[in-house]
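Pasting model.txt here (compact mmCIF, C-alpha atoms):
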# COMPACT_ATOMS: atom_id res chain seq x y z
CA ILE A 1 110.94 70.32 142.94
CA LEU A 2 108.01 68.64 141.13
CA LEU A 3 108.90 66.49 138.12
CA GLY A 4 105.72 66.11 136.14
CA SER A 5 102.46 67.38 137.60
CA THR A 6 100.32 66.65 140.63
CA THR A 7 98.46 64.12 138.49
CA ALA A 8 100.13 61.05 136.99
CA SER A 9 102.70 62.03 134.35
CA VAL A 10 104.06 59.78 131.62
CA GLN A 11 107.77 59.94 130.88
CA PRO A 12 108.52 59.20 127.19
CA ASP A 13 109.51 55.60 126.49
CA ALA A 14 113.23 54.82 126.47
CA ASN A 15 113.87 58.26 127.98
CA VAL A 16 116.44 59.26 130.59
CA SER A 17 115.70 62.10 133.02
CA SER A 18 117.58 63.44 136.01
CA CYS A 19 117.31 65.77 138.97
CA ASN A 20 120.83 66.20 140.34
CA TYR A 21 122.98 68.65 142.34
CA ASN A 22 120.14 70.79 143.69
CA THR A 23 120.03 72.48 147.10
CA ILE A 24 116.53 72.69 148.56
CA ASN A 25 115.56 74.40 151.83
CA LEU A 26 111.94 74.31 152.98
CA ASN A 27 111.20 76.15 156.20
CA THR A 28 107.46 76.07 156.63
CA ALA A 29 105.08 77.12 159.37
CA ALA A 30 102.18 75.29 157.71
CA GLY A 31 100.87 71.93 158.80
CA PHE A 32 100.42 70.52 155.30
CA ASP A 33 102.29 67.93 153.21
CA THR A 34 105.91 68.81 152.44
CA PHE A 35 108.14 67.14 149.81
CA GLY A 36 111.70 67.94 148.78
CA ILE A 37 111.66 66.21 145.38
CA TRP A 38 108.45 64.67 144.05
CA SER A 39 109.01 62.79 140.80
CA ARG A 40 105.85 61.77 138.99
CA LEU A 41 107.43 61.29 135.58
CA ALA A 42 107.44 57.55 134.96
CA SER A 43 107.54 54.84 132.31
CA ALA A 44 108.39 51.14 132.61
CA THR A 45 110.96 51.57 129.81
CA SER A 46 112.63 54.77 131.07
CA ASP A 47 115.35 55.68 133.57
CA LYS A 48 115.50 58.21 136.39
CA PHE A 49 118.52 59.62 138.26
CA LEU A 50 118.01 61.56 141.51
CA ASN A 51 121.53 62.14 142.81
CA ASN A 52 123.69 64.54 144.83
CA ASN A 53 120.88 66.72 146.11
CA ILE A 54 120.90 68.50 149.49
CA ILE A 55 117.40 68.70 150.96
CA THR A 56 116.47 70.31 154.28
CA ILE A 57 112.86 70.48 155.47
CA GLN A 58 112.06 72.13 158.80
CA ASN A 59 108.45 72.38 159.93
CA THR A 60 107.91 75.08 162.55
CA THR A 61 104.12 75.04 162.81
CA THR A 62 102.56 75.15 166.27
CA THR A 63 99.22 73.71 165.06
CA PRO A 64 99.85 70.78 162.68
CA ILE A 65 97.01 69.41 160.58
CA ALA A 66 96.37 65.71 161.12
CA SER A 67 97.26 62.86 158.75
CA ARG A 68 99.83 64.59 156.56
CA PHE A 69 103.13 63.49 154.98
CA MET A 70 106.73 64.68 154.94
CA ARG A 71 108.94 63.17 152.22
CA GLY A 72 112.50 64.03 151.30
CA ILE A 73 112.68 62.26 147.92
CA TRP A 74 109.63 60.53 146.44
CA GLN A 75 109.63 58.59 143.19
CA ASP A 76 105.95 58.12 142.43
CA GLY A 77 105.79 56.00 139.26
CA ASN A 78 107.21 52.76 137.78
CA LEU A 79 110.54 52.83 135.91
CA ARG A 80 113.03 50.63 134.12
CA LEU A 81 115.98 51.92 136.16
CA LEU A 82 115.98 54.09 139.28
CA THR A 83 119.08 55.55 140.93
CA ILE A 84 118.84 57.61 144.13
CA SER A 85 122.38 58.14 145.40
CA GLU A 86 124.65 60.52 147.31
CA ASN A 87 121.83 62.74 148.55
CA THR A 88 121.68 64.41 151.97
CA VAL A 89 118.16 64.67 153.41
CA THR A 90 117.53 66.38 156.76
CA LEU A 91 113.97 66.48 158.14
CA SER A 92 112.55 67.84 161.41
CA TYR A 93 109.55 69.26 163.25
CA GLU A 94 110.47 72.00 165.70
CA ASN A 95 107.53 73.22 167.76
CA ALA A 96 104.62 70.78 167.91
CA ASN A 97 104.00 67.07 168.17
CA ASN A 98 102.16 65.61 165.19
CA ASP A 99 100.90 62.38 163.64
CA HIS A 100 102.50 62.81 160.22
CA THR A 101 104.00 59.94 158.19
CA VAL A 102 107.65 60.58 157.34
CA ASN A 103 109.70 58.97 154.55
CA PHE A 104 113.19 60.26 153.90
CA ILE A 105 113.37 58.29 150.62
CA GLN A 106 110.23 56.66 149.26
CA ALA A 107 110.35 54.53 146.11
CA ASP A 108 107.41 52.15 146.46
CA ILE A 109 107.37 51.39 142.74
CA THR A 110 108.19 48.62 140.26
CA THR A 111 111.65 48.69 138.64
CA ALA A 112 112.17 46.46 135.60
CA SER A 113 115.98 46.59 135.43
CA SER A 114 117.68 48.20 138.44
CA ARG A 115 116.94 49.86 141.77
CA ILE A 116 120.04 51.53 143.20
CA ILE A 117 119.83 53.52 146.44
CA ASN A 118 123.40 54.06 147.59
CA GLY A 119 125.45 56.48 149.63
CA ASN A 120 122.67 58.69 150.96
CA ILE A 121 122.74 60.52 154.30
CA LEU A 122 119.28 60.61 155.89
CA LYS A 123 118.98 62.30 159.25
CA THR A 124 117.28 64.51 161.75
CA PRO A 125 119.40 67.52 162.74
CA SER A 126 121.50 67.55 165.88
CA GLY A 127 119.19 68.42 168.77
CA GLY A 128 116.10 68.06 166.56
CA SER A 129 113.58 65.29 165.98
CA LEU A 130 110.44 64.39 164.04
CA ARG A 131 108.08 64.71 167.03
CA THR A 132 105.65 62.35 165.31
CA SER A 133 103.40 59.49 166.35
CA GLY A 134 103.13 58.49 162.68
CA ALA A 135 105.05 55.86 160.73
CA ILE A 136 108.69 56.58 159.81
CA ASN A 137 110.94 55.04 157.15
CA GLY A 138 114.48 56.02 156.33
CA ILE A 139 114.25 54.18 152.99
CA SER A 140 110.99 52.61 151.82
CA HIS A 141 111.28 50.41 148.70
CA SER A 142 108.00 48.48 148.75
CA GLY A 143 107.79 47.66 145.07
CA ILE A 144 108.71 44.74 142.81
CA SER A 145 112.41 44.87 141.90
CA SER A 146 113.64 42.92 138.87
CA GLY A 147 117.24 42.68 137.76
CA LEU A 148 119.42 44.49 140.29
CA LEU A 149 118.61 45.80 143.76
CA ASN A 150 121.38 47.61 145.63
CA ILE A 151 120.75 49.46 148.89
CA ASN A 152 124.26 50.04 150.10
CA GLN A 153 126.38 52.45 152.14
CA ASN A 154 123.55 54.66 153.36
CA THR A 155 123.74 56.50 156.68
CA ILE A 156 120.39 56.73 158.48
CA GLU A 157 120.25 58.64 161.79
CA ILE A 158 116.69 59.39 162.90
CA ASP A 159 115.33 60.69 166.20
CA LYS A 160 111.59 60.07 166.36
CA GLY A 161 111.15 62.32 169.38
CA ASN A 162 109.40 61.99 172.71
CA VAL A 163 105.95 61.17 171.31
CA SER A 164 103.84 58.17 172.26
CA SER A 165 103.25 56.02 169.18
CA ALA A 166 101.92 52.70 167.95
CA ALA A 167 103.22 53.22 164.39
CA ASN A 168 106.15 51.46 162.70
CA PHE A 169 109.63 52.97 162.87
CA PHE A 170 112.01 51.39 160.31
CA GLY A 171 115.43 52.26 158.94
CA ILE A 172 115.13 50.33 155.65
CA SER A 173 111.77 48.77 154.79
CA SER A 174 110.10 46.79 152.02
CA VAL A 175 106.94 44.72 151.63
CA SER A 176 106.72 43.29 148.10
CA THR A 177 107.33 40.26 145.85
CA SER A 178 110.60 41.13 144.12
CA ASN A 179 112.33 38.70 141.74
CA ALA A 180 115.71 40.41 141.41
CA SER A 181 118.70 38.44 140.13
CA SER A 182 120.97 40.31 142.58
CA TYR A 183 119.58 41.60 145.88
CA GLU A 184 121.92 43.38 148.30
CA ILE A 185 121.48 45.46 151.45
CA ASN A 186 125.05 46.03 152.58
CA PHE A 187 127.28 48.46 154.49
CA ASN A 188 124.46 50.66 155.80
CA ASN A 189 124.79 52.50 159.12
CA ILE A 190 121.40 52.81 160.85
CA SER A 191 120.72 54.59 164.15
CA LEU A 192 117.13 54.89 165.42
CA THR A 193 116.12 56.77 168.57
CA ALA A 194 112.68 57.13 170.19
CA SER A 195 112.48 58.79 173.59
CA SER A 196 108.88 58.18 174.69
CA GLY A 197 108.43 55.66 177.50
CA VAL A 198 104.83 54.81 176.60
CA ASN A 199 105.16 53.40 173.07
CA ALA A 200 103.09 50.37 174.02
CA ASN A 201 102.70 48.86 170.54
CA THR A 202 105.46 50.36 168.42
CA THR A 203 107.45 48.08 166.10
CA ILE A 204 111.02 49.31 165.62
CA ARG A 205 113.35 47.58 163.13
CA GLY A 206 116.67 48.62 161.66
CA ILE A 207 116.05 46.55 158.52
CA SER A 208 112.55 45.20 157.87
CA ASN A 209 112.55 43.05 154.74
CA ILE A 210 109.30 41.33 153.73
CA ASP A 211 110.09 41.23 150.03
CA GLY A 212 110.50 38.42 147.52
CA SER A 213 109.70 34.71 147.45
CA VAL A 214 111.19 31.35 148.42
CA THR A 215 113.41 31.55 145.31
CA LEU A 216 114.87 35.05 145.82
CA ASN A 217 118.41 35.00 147.21
CA LYS A 218 119.46 37.95 149.36
CA THR A 219 122.64 39.28 150.91
CA ILE A 220 122.40 41.45 154.02
CA SER A 221 125.94 42.08 155.11
CA SER A 222 128.20 44.45 157.03
CA ASN A 223 125.41 46.70 158.28
CA ILE A 224 125.57 48.55 161.60
CA VAL A 225 122.22 48.84 163.39
CA ALA A 226 121.80 50.71 166.69
CA ILE A 227 118.40 51.20 168.35
CA ASN A 228 117.93 53.28 171.47
CA SER A 229 114.43 53.94 172.76
CA ASN A 230 112.10 53.46 175.70
CA ASN A 231 109.06 51.28 175.03
CA ASN A 232 106.87 49.69 177.67
CA GLY A 233 105.60 47.23 175.06
CA GLY A 234 105.82 46.51 171.36
CA THR A 235 108.65 44.83 169.47
CA THR A 236 112.19 45.96 168.69
CA GLY A 237 114.64 44.17 166.42
CA GLY A 238 117.78 44.78 164.41
CA ILE A 239 117.11 42.75 161.23
CA TYR A 240 113.78 41.12 160.31
CA LEU A 241 113.56 38.90 157.22
CA GLU A 242 110.86 37.02 155.28
CA ARG A 243 110.36 35.62 151.72
CA THR A 244 113.86 34.38 150.88
CA GLY A 245 115.55 31.52 149.05
CA ILE A 246 119.14 31.61 150.31
CA ALA A 247 119.73 34.34 152.88
CA THR A 248 123.35 35.33 153.44
CA ILE A 249 123.49 37.44 156.59
CA THR A 250 127.06 38.13 157.61
CA ASN A 251 129.25 40.59 159.50
CA ASN A 252 126.39 42.72 160.80
CA ALA A 253 126.67 44.59 164.12
CA VAL A 254 123.35 44.97 165.94
CA THR A 255 122.99 46.89 169.22
CA VAL A 256 119.63 47.27 170.96
CA SER A 257 119.61 49.31 174.16
CA ASN A 258 115.92 49.97 174.67
CA PHE A 259 113.24 47.85 176.29
CA SER A 260 110.16 46.40 174.61
CA SER A 261 108.07 43.35 175.42
CA VAL A 262 109.91 41.53 172.59
CA LEU A 263 113.57 42.20 171.70
CA TYR A 264 115.69 40.41 169.11
CA GLY A 265 118.86 40.89 167.10
CA ILE A 266 118.01 38.93 163.93
CA PHE A 267 114.65 37.25 163.23
CA LEU A 268 114.04 34.88 160.29
CA ASN A 269 110.37 34.27 159.71
CA THR A 270 107.74 33.36 157.09
CA SER A 271 108.83 31.79 153.75
CA CYS A 272 112.55 31.74 154.45
CA THR A 273 114.24 28.66 152.94
CA THR A 274 117.97 28.52 153.76
CA ASN A 275 119.35 30.91 156.35
CA ASN A 276 123.13 31.32 156.46
CA LEU A 277 124.25 33.54 159.34
CA SER A 278 127.90 34.04 160.23
CA ASN A 279 130.16 36.53 161.96
CA ASN A 280 127.34 38.71 163.25
CA ASN A 281 127.83 40.63 166.51
CA ILE A 282 124.63 41.15 168.49
CA THR A 283 124.33 43.05 171.78
CA ILE A 284 121.01 43.58 173.55
CA SER A 285 121.40 45.52 176.79
CA PRO A 286 118.29 47.48 177.82
CA THR A 287 118.59 49.53 180.99
CA ASN A 288 115.96 50.22 183.66
CA LEU A 289 113.89 47.30 182.35
CA ALA A 290 110.58 47.35 184.19
CA VAL A 291 108.27 45.12 182.11
CA SER A 292 108.06 41.44 181.22
CA VAL A 293 110.21 40.72 178.17
CA SER A 294 111.36 38.04 175.75
CA ILE A 295 114.92 38.61 174.50
CA SER A 296 116.63 36.58 171.76
CA GLY A 297 119.86 37.09 169.88
CA ILE A 298 118.92 35.09 166.77
CA THR A 299 115.50 33.52 166.13
CA ASN A 300 114.81 31.16 163.24
CA SER A 301 111.23 29.95 162.81
CA VAL A 302 111.20 28.96 159.09
CA GLY A 303 113.93 27.44 156.89
CA THR A 304 117.18 25.56 157.43
CA ALA A 305 119.44 27.28 159.95
CA ASN A 306 123.18 27.47 159.34
CA PHE A 307 124.55 29.63 162.16
CA ILE A 308 128.34 29.84 162.45
CA ASN A 309 130.73 32.04 164.42
CA ASN A 310 128.26 34.60 165.72
CA LEU A 311 128.90 36.65 168.86
CA ILE A 312 125.87 37.32 171.09
CA THR A 313 125.64 39.30 174.33
CA LEU A 314 122.30 39.61 176.15
CA ALA A 315 122.67 41.72 179.30
CA PRO A 316 119.50 43.50 180.43
CA GLN A 317 119.61 45.70 183.52
CA ILE A 318 116.36 45.26 185.42
CA SER A 319 114.81 47.82 187.75
CA THR A 320 111.21 47.21 188.74
CA THR A 321 109.03 47.02 191.83
CA ALA A 322 106.56 44.70 190.07
CA THR A 323 106.55 40.98 189.37
CA ILE A 324 107.82 40.39 185.83
CA THR A 325 108.96 37.49 183.66
CA VAL A 326 112.21 37.71 181.70
CA THR A 327 113.02 35.03 179.11
CA ILE A 328 116.44 35.23 177.45
CA THR A 329 117.61 32.97 174.61
CA GLY A 330 120.89 33.29 172.75
CA ILE A 331 119.89 31.32 169.63
CA SER A 332 116.43 29.87 169.04
CA ASN A 333 115.85 27.46 166.15
CA SER A 334 112.53 25.68 165.69
CA THR A 335 113.14 24.04 162.29
CA ALA A 336 114.65 20.74 161.18
CA ASN A 337 118.23 20.11 160.03
CA GLY A 338 119.78 23.05 161.81
CA ASN A 339 123.55 23.54 161.91
CA ILE A 340 124.53 25.70 164.85
CA ASN A 341 128.29 25.45 165.14
CA ASN A 342 131.37 27.30 166.35
CA ASN A 343 129.59 30.38 167.64
CA ALA A 344 132.34 32.27 169.39
CA SER A 345 130.40 33.46 172.44
CA ILE A 346 126.84 33.47 173.73
CA LEU A 347 126.85 35.53 176.92
CA ILE A 348 123.66 35.86 178.98
CA ALA A 349 124.23 38.21 181.91
CA PRO A 350 121.10 39.84 183.35
CA GLN A 351 121.50 42.24 186.27
CA THR A 352 118.98 43.40 188.85
CA THR A 353 119.08 46.54 190.94
CA SER A 354 118.48 46.69 194.69
CA ASN A 355 114.91 47.94 194.25
CA SER A 356 113.85 45.18 191.84
CA GLY A 357 110.63 43.36 192.60
CA VAL A 358 110.09 39.71 191.77
CA VAL A 359 111.83 38.68 188.55
CA ASN A 360 111.13 35.24 187.10
CA PHE A 361 114.11 34.38 184.90
CA THR A 362 114.48 31.78 182.16
CA SER A 363 117.87 31.78 180.41
CA ILE A 364 118.73 29.48 177.49
CA GLY A 365 121.96 29.57 175.54
CA ILE A 366 120.80 27.58 172.48
CA SER A 367 117.28 26.30 171.96
CA ASN A 368 117.29 23.86 169.03
CA PHE A 369 113.93 22.08 169.08
CA GLY A 370 113.33 21.51 165.36
CA SER A 371 112.54 17.87 164.53
CA ASN A 372 115.06 16.16 162.23
Can you give me the file's structure in the form of C-alpha cells?
Amino acid sequence: ILLGSTTASVQPDANVSSCNYNTINLNTAAGFDTFGIWSRLASATSDKFLNNNIITIQNTTTTPIASRFMRGIWQDGNLRLLTISENTVTLSYENANNDHTVNFIQADITTASSRIINGNILKTPSGGSLRTSGAINGISHSGISSGLLNINQNTIEIDKGNVSSAANFFGISSVSTSNASSYEINFNNISLTASSGVNANTTIRGISNIDGSVTLNKTISSNIVAINSNNNGGTTGGIYLERTGIATITNNAVTVSNFSSVLYGIFLNTSCTTNNLSNNNITISPTNLAVSVSISGITNSVGTANFINNLITLAPQISTTATITVTITGISNSTANGNINNNASILIAPQTTSNSGVVNFTSIGISNFGSN
C-alpha cells in the first residue's frame, strides 16, 4: 500500500488519515526494494494512524540485487501525531544471502505531539530468517519526538540468519535529539538471533537509545531482552543509553548467551546525567567462548549512578586452545557520587572446559573508581 506517491506528498493541514485492518502478502522472486505500507502523506499539523494490519513479505529470489531495502511499515514524512499499533509484520528471505537493510517499522521522522508505537508483533517466521549482512531494526524511531513518546508492549523476534556481517542489529533503535515531555520504552519483549560465527564487527543491542539531551527524562522499564548469537568480535549488549536527564531503568530482564569481544547487560554512556537502575535481572552466559572478552553486567561512564537491588549473573563457559584474556565485572562505575547499594546478588562464575588453552582471568564484583 502506497499512501501518497513515490515523490514527497503533502497531507492537508489539520487532517487525519489512516491505514488500518489490511492484510498484505508479498511473495516476490525479485531482488528489489519491498515495502508493506509506505506512507508518504505528511504534514507537521496532521495525524496518521497505521494500526491492526497484517503484513507478510517473503523474498524467494536466488539472485538478490545489492544495496536494497525491505520495510514492513514505513512512515516517510513529518507529522503532528503518529500511531503505529497492533500490527503483525513478518519478514523473511528464503533462498539467497543478501546485503539488504531491513526495518520492520521505520518512523525516522519528527512528531510534534505524539509518537505511539505499541502492541506490534515483529518477527521472522518459524524456521526462516533474513539471511542478510545488512543493518536490521525491529523499530527505528530516529526522529525528534515532542510531547509524548510511547514504545510499549511490542514483541520483536528476529533471526538474522547465518550470514557474516559488520552491520548493526538492533531491536529498538533511535539516534536523535528528542525533547518529549513523556518518554517511555516499556514492557517490550525482544529476542535477537544471529547464527554466523564470523561476525567480527557486528554491534547487537536489544535497545539502542541515542536520543535526547541532558534534560530529557526517560523510563525504560519491564522489558525482556534475549540475545543469542555467535560473534568472534564486535559488541553485544542488552540496553545502551545516551543523552538523558534522569534515566529510570527498572525491572528489565536481560539475557545474553552469545560471545563477542565486548558483552554488557546495561551501558550508560555519553551525556547521561542521573542514572537510576533498580530491580534489573542480568544474565550473561556465553558458551564455547574462544576469544578474549570484556564482560560487564552494568557499566556507567557518565552521570551519577544510583544502582539498587539489581541481580547480576556472569557465567561464561570457555573452550579455547589459544591464549585469551577474560575480564569480568559485575558493576563498573567511573563517575563521582555513585550510590551502589543493596544489590541482591552479583555472581561471577566462569567455567573452563578440559581442552581450554591459557585463560588470563580478571574478575571484579564492583568497580567504583569515580572520584568524589
Have a look at CA of Gly138 (chain A) and CA of Asn52 (chain A) and let me know their distance in Å, one decimal. 17.0 Å
Show which residues sit within 7 Å of region 253-263 of chain A, as a PyMOL selection string. Count all atoms listed in the file, and ignore same-chain residues fewer than 2 positions away. chain A and resi 223-238+251+265+280-287+289+291-296
Shortest interatomic distance to Tyr93 (chain A) - which of A:Lys218, A:Arg131, A:Arg40, A:Arg205, counting only C-alpha atoms: A:Arg131
If we count all atoms listed in the file, what is near Phe49 (chain A) at a cut-off of 7 Å, once residues fewer than 4 positions away on the same chain are taken out, given as a VMD selection string? chain A and resid 17 to 19 82 to 84
Closest to Asn189 (chain A) among A:Asp99, A:Asp47, A:Asp211, A:Glu157, using only C-alpha atoms?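 For Asn189 (chain A), the nearest of the given residues is A:Glu157.
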Spatial neighbours of Asn306 (chain A), 7 Å, all atoms listed in the file, chain gap at least 5 places, as a PyMOL selection string: chain A and resi 275-277+338-340
Kindly save the residues from that selection, with C-alpha atoms included, as an mmCIF file, keeping the file's coordinate frame.
data_model
loop_
_atom_site.group_PDB
_atom_site.id
_atom_site.type_symbol
_atom_site.label_atom_id
_atom_site.label_comp_id
_atom_site.auth_asym_id
_atom_site.auth_seq_id
_atom_site.Cartn_x
_atom_site.Cartn_y
_atom_site.Cartn_z
ATOM 1 C CA ASN A 275 119.350 30.910 156.350
ATOM 2 C CA ASN A 276 123.130 31.320 156.460
ATOM 3 C CA LEU A 277 124.250 33.540 159.340
ATOM 4 C CA GLY A 338 119.780 23.050 161.810
ATOM 5 C CA ASN A 339 123.550 23.540 161.910
ATOM 6 C CA ILE A 340 124.530 25.700 164.850
#
As AutoDock Vina command-line options, what would the box around region 337-343 of chain A look like: edges along x, y and z, 5 Å added on every side, centre and edge lengths in Å to one decimal?
--center_x 124.8 --center_y 25.2 --center_z 163.8 --size_x 23.1 --size_y 20.3 --size_z 17.6
Within-8 Å shell of (104.2, 37.1, 185.4) in input frame, all atoms listed in the file, as a JSON list (two decimals) with C-alpha atoms, in the coordinates of the input:
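To be explicit, this is the file written out as selection.json:
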[["chain", "number", "residue", "atom", "x", "y", "z"],
["A", 292, "SER", "CA", 108.06, 41.44, 181.22],
["A", 323, "THR", "CA", 106.55, 40.98, 189.37],
["A", 324, "ILE", "CA", 107.82, 40.39, 185.83],
["A", 325, "THR", "CA", 108.96, 37.49, 183.66],
["A", 360, "ASN", "CA", 111.13, 35.24, 187.10]]
Would you pick out the contacts of Asn186 (chain A) at 10 Å or less, using only C-alpha atoms, so that residues sharing its chain but fewer than 6 positions from it are not included, and give the list as a VMD selection string? chain A and resid 118 150 to 154 219 to 224 249 to 252
Determine the nearest neighbour of Leu192 (chain A) from the options A:Ala290, A:Val89, A:Leu130, A:Ala166, counting only C-alpha atoms.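 Closest residue, counting only C-alpha atoms: A:Leu130.
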